[in-house]
Amino acid sequence: MKKLHVIIAVISLSLNACAQQTETEVKATTPVNLNYTTELVVPNLNTPWGMAFLPDGGILITEKAGELILFKNGTKTNIDGLPDIYVRGQGGLLDIEIHPDYKNNGWIYITYASAEGEGDGGNTALMRAKISNNTLVEKQVLYKAGPNTKKGQHFGSRITFDNDGYLYFSIGERGNRDENPQDITRDCGKIYRLNDDGTIPADNPFVNTPNAKTAIFSYGHRNPQGMAKHPETGVIWVNEHGPKGGDEINILAKGKNYGWPIISYGVNYSGTAFTEITEKEGMEQPLFYWVPSIAPSGMAFVTSGKYPEWKNNILVGSLKFQYLERLVLENNKVVKREELFKNIGRVRNVVQAPDGYIYVAVEGKGIFKIIPKK
């Protein structure tokens, strides 16, 4: 009996001991010569989540607490007519994107936490609308995840269009790690793909799967808060929060399983392990993972000629370390990382605008424009 107690104690200790993580091989460095600086162009914002740049030079900005702001010619104007926003924890008014043919059709798309539907609490919704007289009109809810929950974490959410006009958006697993992300009959922990009017594309991967959520494009995600279209391949890339360690960049592919929480490079926040494996057949490996976590939010590919040294690099905001990270790629591998504008604040989003400049949304401050040093 004594021997049995010793075995049980050893097993218990091994399960609860701090798990050993493999740190990211490519370490972030401080740039030797940074030829750019930042200029605050939209001041006095609290949690600027989404930015959409209009053809007339205006910027639509979402404030997580539930404000939609049009910034144009140095003036902020509040846009009325928003849906009811469920503000809790990480939830609120989230991303915003304009239709690729916005000049002709005027459609804008927003993701937000909504209390509509089954159950108490809220979950992520996608709406499209137009703006008339500084008010949202022709509002259409295109998707509402369910069921609602009072949990405050992992709403996602980013929106991106691909070259074929399909709309992609992300919803985190809403803190329900062990049920949602691996189950395609349930919302959350997924990337979704819709036609621009909210209908389901005929070639979505699970349209013929009984009881599946047919809007799903990929699954096994934790909390994707960065999304960008690759400038050459047109494929959608996402970054997502891991737990303690294990933030990831993933290249999306139709119907694929990205593994959360079966495989992960992260551990519980307490330091204990929740999985012993980092790879498994039938589950995708990340292009890159961060250990320790940087808490990534917002992602952009640099294609502009205004930043020649950064061409084809990825920029990712770090909420945790309060900088903008530059990742240099060679053959789809990260070979270099740099910490840009350290201590600028919690970087919530980064976008390369139609004018070629890169804009960075920072919590508690506003929108910065990256410009060459004089």
# chains A, B, ... in the order shown; residues from 1 in each chain; ligands from 1

call {"tool": "select_by_dssp", "arguments": {"residues": "range 217-261 of chain A", "states": "strand (DSSP E)", "output": "list in words"}}
result
Phe217, Ser218, Tyr219, Pro224, Gln225, Gly226, Met227, Ala228, Lys229, Ile236, Trp237, Val238, Asn239, Glu240, Asp247, Glu248, Ile249, Asn250 and Ile251 of chain A

call {"tool": "write_last_selection", "arguments": {"atoms": "C-alpha atoms", "output": "compact mmCIF listing (two decimals), in the first residue's frame"}}
result
# COMPACT_ATOMS: atom_id res chain seq x y z
CA PHE A 217 -13.80 27.61 -42.76
CA SER A 218 -11.30 26.29 -40.19
CA TYR A 219 -11.43 25.22 -36.54
CA PRO A 224 -7.58 35.04 -33.22
CA GLN A 225 -7.21 38.83 -32.96
CA GLY A 226 -5.04 39.45 -36.01
CA MET A 227 -5.94 38.67 -39.61
CA ALA A 228 -4.42 39.74 -42.93
CA LYS A 229 -4.42 38.70 -46.57
CA ILE A 236 -5.59 34.60 -45.21
CA TRP A 237 -3.16 34.51 -42.28
CA VAL A 238 -4.16 34.88 -38.64
CA ASN A 239 -2.42 35.37 -35.34
CA GLU A 240 -3.98 34.14 -32.14
CA ASP A 247 0.73 32.48 -29.31
CA GLU A 248 0.65 31.50 -32.99
CA ILE A 249 0.64 32.67 -36.58
CA ASN A 250 -1.37 30.33 -38.78
CA ILE A 251 -1.92 30.16 -42.53

call {"tool": "select_by_dssp", "arguments": {"residues": "range 38-287 of chain A", "states": "alpha helix (DSSP H)", "output": "count of residues only"}}
result
4

call {"tool": "residues_around", "arguments": {"residues": "Thr209 in chain A", "least_positions_apart": "6", "cutoff": "12 Å", "atoms": "only C-alpha atoms", "output": "list of chain:residue names"}}
result
A:Ile184, A:Thr185, A:Ala215, A:Ile216, A:Gly255

call {"tool": "closest_atom_pairs", "arguments": {"of": "range 1-99 of chain A", "to": "range 135-159 of chain A", "cutoff": "7 Å", "atoms": "only C-alpha atoms", "output": "JSON lines"}}
result
{"residue": "A:Ile79", "atom": "CA", "partner": "A:Thr135", "partner_atom": "CA", "distance": 5.2}
{"residue": "A:Asp80", "atom": "CA", "partner": "A:Thr135", "partner_atom": "CA", "distance": 4.5}
{"residue": "A:Gly81", "atom": "CA", "partner": "A:Leu136", "partner_atom": "CA", "distance": 4.9}
{"residue": "A:Leu82", "atom": "CA", "partner": "A:Leu136", "partner_atom": "CA", "distance": 6.5}
{"residue": "A:Arg88", "atom": "CA", "partner": "A:Gly152", "partner_atom": "CA", "distance": 5.4}
{"residue": "A:Gly89", "atom": "CA", "partner": "A:Gly152", "partner_atom": "CA", "distance": 4.2}
{"residue": "A:Gln90", "atom": "CA", "partner": "A:Gln153", "partner_atom": "CA", "distance": 5.3}
{"residue": "A:Gly91", "atom": "CA", "partner": "A:Phe155", "partner_atom": "CA", "distance": 5.9}
{"residue": "A:Leu94", "atom": "CA", "partner": "A:Ser157", "partner_atom": "CA", "distance": 6.4}
{"residue": "A:Asp95", "atom": "CA", "partner": "A:Arg158", "partner_atom": "CA", "distance": 5.4}
{"residue": "A:Ile96", "atom": "CA", "partner": "A:Ile159", "partner_atom": "CA", "distance": 6.9}
{"residue": "A:Glu97", "atom": "CA", "partner": "A:Ile159", "partner_atom": "CA", "distance": 6.3}

call {"tool": "residues_around", "arguments": {"residues": "Ser304 in chain A", "least_positions_apart": "5", "cutoff": "10 Å", "atoms": "only C-alpha atoms", "output": "ChimeraX atom specification"}}
result
/A:310-312,352-358

call {"tool": "write_last_selection", "arguments": {"atoms": "C-alpha atoms", "output": "tab-separated table (two decimals), in the first residue's frame"}}
result
chain	number	residue	atom	x	y	z
A	310	TRP	CA	10.27	46.35	-44.29
A	311	LYS	CA	8.97	45.14	-47.67
A	312	ASN	CA	7.03	41.84	-47.34
A	352	GLN	CA	-1.38	49.59	-43.92
A	353	ALA	CA	-3.74	52.21	-45.34
A	354	PRO	CA	-4.48	52.97	-49.00
A	355	ASP	CA	-2.13	55.97	-48.77
A	356	GLY	CA	0.73	53.54	-48.18
A	357	TYR	CA	1.33	54.62	-44.59
A	358	ILE	CA	1.06	52.26	-41.64

call {"tool": "closest_residue", "arguments": {"among": "A:Asn195, A:Thr111, A:Asn208, A:Gln20", "to": "Ile171 in chain A", "atoms": "only C-alpha atoms"}}
result
A:Thr111

call {"tool": "closest_residue", "arguments": {"among": "A:Pro55, A:Pro83, A:Gly122, A:Lys306", "to": "Ile371 in chain A", "atoms": "only C-alpha atoms"}}
result
A:Lys306

call {"tool": "closest_residue", "arguments": {"among": "A:Ala28, A:Leu45, A:Leu252, A:Leu70", "to": "Gln285 in chain A", "atoms": "only C-alpha atoms"}}
result
A:Leu252

call {"tool": "atom_distance", "arguments": {"atom1": "CA of Thr275 in chain A", "atom2": "CA of Glu25 in chain A"}}
result
21.0 Å

call {"tool": "closest_residue", "arguments": {"among": "A:Gly92, A:Tyr86, A:Pro201, A:Cys188", "to": "Glu63 in chain A", "atoms": "only C-alpha atoms"}}
result
A:Gly92

call {"tool": "residues_around", "arguments": {"residues": "Leu93 in chain A", "least_positions_apart": "3", "cutoff": "7 Å", "atoms": "only C-alpha atoms", "output": "count of residues only"}}
result
9

call {"tool": "residues_around", "arguments": {"residues": "Gly271 in chain A", "least_positions_apart": "2", "cutoff": "10 Å", "atoms": "only C-alpha atoms", "output": "list in words"}}
result
Asn16, Ala17, Cys18, Ala19, Gln20, Gln21, Pro243, Lys244, Gly245, Gly266, Val267, Asn268, Tyr269, Ala273 and Phe274 of chain A

call {"tool": "residues_around", "arguments": {"residues": "Val291 in chain A", "least_positions_apart": "3", "cutoff": "6 Å", "atoms": "only C-alpha atoms", "output": "number ranges by chain"}}
result
A: 23-24, 245-246

call {"tool": "closest_residue", "arguments": {"among": "A:Gly198, A:Gly220, A:Pro100, A:Pro43", "to": "Gln182 in chain A", "atoms": "only C-alpha atoms"}}
result
A:Gly220

call {"tool": "decode", "arguments": {"residues": "range 350-366 of chain A", "atoms": "N, CA, C and O atoms", "output": "CSV table (one decimal), in the first residue's frame"}}
result
chain,number,residue,atom,x,y,z
A,350,VAL,N,-2.9,47.2,-36.2
A,350,VAL,CA,-2.0,47.8,-37.2
A,350,VAL,C,-2.5,47.6,-38.6
A,350,VAL,O,-2.9,46.4,-38.9
A,351,VAL,N,-2.5,48.6,-39.4
A,351,VAL,CA,-3.1,48.6,-40.7
A,351,VAL,C,-2.2,49.4,-41.7
A,351,VAL,O,-1.8,50.5,-41.3
A,352,GLN,N,-2.0,48.8,-42.8
A,352,GLN,CA,-1.4,49.6,-43.9
A,352,GLN,C,-2.5,50.2,-44.7
A,352,GLN,O,-3.4,49.5,-45.3
A,353,ALA,N,-2.6,51.5,-44.7
A,353,ALA,CA,-3.7,52.2,-45.3
A,353,ALA,C,-3.5,52.4,-46.8
A,353,ALA,O,-2.4,52.2,-47.4
A,354,PRO,N,-4.6,52.7,-47.6
A,354,PRO,CA,-4.5,53.0,-49.0
A,354,PRO,C,-3.4,54.0,-49.4
A,354,PRO,O,-2.9,54.0,-50.5
A,355,ASP,N,-3.1,55.0,-48.5
A,355,ASP,CA,-2.1,56.0,-48.8
A,355,ASP,C,-0.7,55.4,-48.6
A,355,ASP,O,0.3,56.2,-48.9
A,356,GLY,N,-0.6,54.2,-48.3
A,356,GLY,CA,0.7,53.5,-48.2
A,356,GLY,C,1.4,53.6,-46.8
A,356,GLY,O,2.3,53.0,-46.5
A,357,TYR,N,0.8,54.5,-45.9
A,357,TYR,CA,1.3,54.6,-44.6
A,357,TYR,C,0.7,53.5,-43.7
A,357,TYR,O,-0.4,53.0,-43.9
A,358,ILE,N,1.5,53.2,-42.6
A,358,ILE,CA,1.1,52.3,-41.6
A,358,ILE,C,0.5,53.0,-40.4
A,358,ILE,O,1.2,54.0,-39.9
A,359,TYR,N,-0.6,52.6,-40.0
A,359,TYR,CA,-1.3,53.2,-38.8
A,359,TYR,C,-1.4,52.2,-37.7
A,359,TYR,O,-1.7,51.0,-37.9
A,360,VAL,N,-1.1,52.7,-36.5
A,360,VAL,CA,-1.1,51.8,-35.3
A,360,VAL,C,-2.0,52.3,-34.3
A,360,VAL,O,-2.0,53.5,-33.8
A,361,ALA,N,-2.9,51.4,-33.8
A,361,ALA,CA,-3.9,51.8,-32.8
A,361,ALA,C,-3.4,51.4,-31.4
A,361,ALA,O,-3.1,50.2,-31.2
A,362,VAL,N,-3.3,52.3,-30.5
A,362,VAL,CA,-2.7,52.1,-29.2
A,362,VAL,C,-3.8,52.5,-28.1
A,362,VAL,O,-4.3,53.6,-28.1
A,363,GLU,N,-4.0,51.5,-27.2
A,363,GLU,CA,-5.0,51.7,-26.1
A,363,GLU,C,-4.6,52.9,-25.2
A,363,GLU,O,-3.4,53.1,-24.9
A,364,GLY,N,-5.5,53.7,-24.9
A,364,GLY,CA,-5.3,54.8,-24.0
A,364,GLY,C,-4.6,56.0,-24.6
A,364,GLY,O,-4.4,57.0,-24.0
A,365,LYS,N,-4.4,55.9,-25.9
A,365,LYS,CA,-3.7,57.0,-26.6
A,365,LYS,C,-4.4,57.4,-27.9
A,365,LYS,O,-5.0,58.5,-28.0
A,366,GLY,N,-4.4,56.5,-28.9
A,366,GLY,CA,-5.1,56.9,-30.2
A,366,GLY,C,-4.4,56.1,-31.3
A,366,GLY,O,-3.8,55.1,-31.2
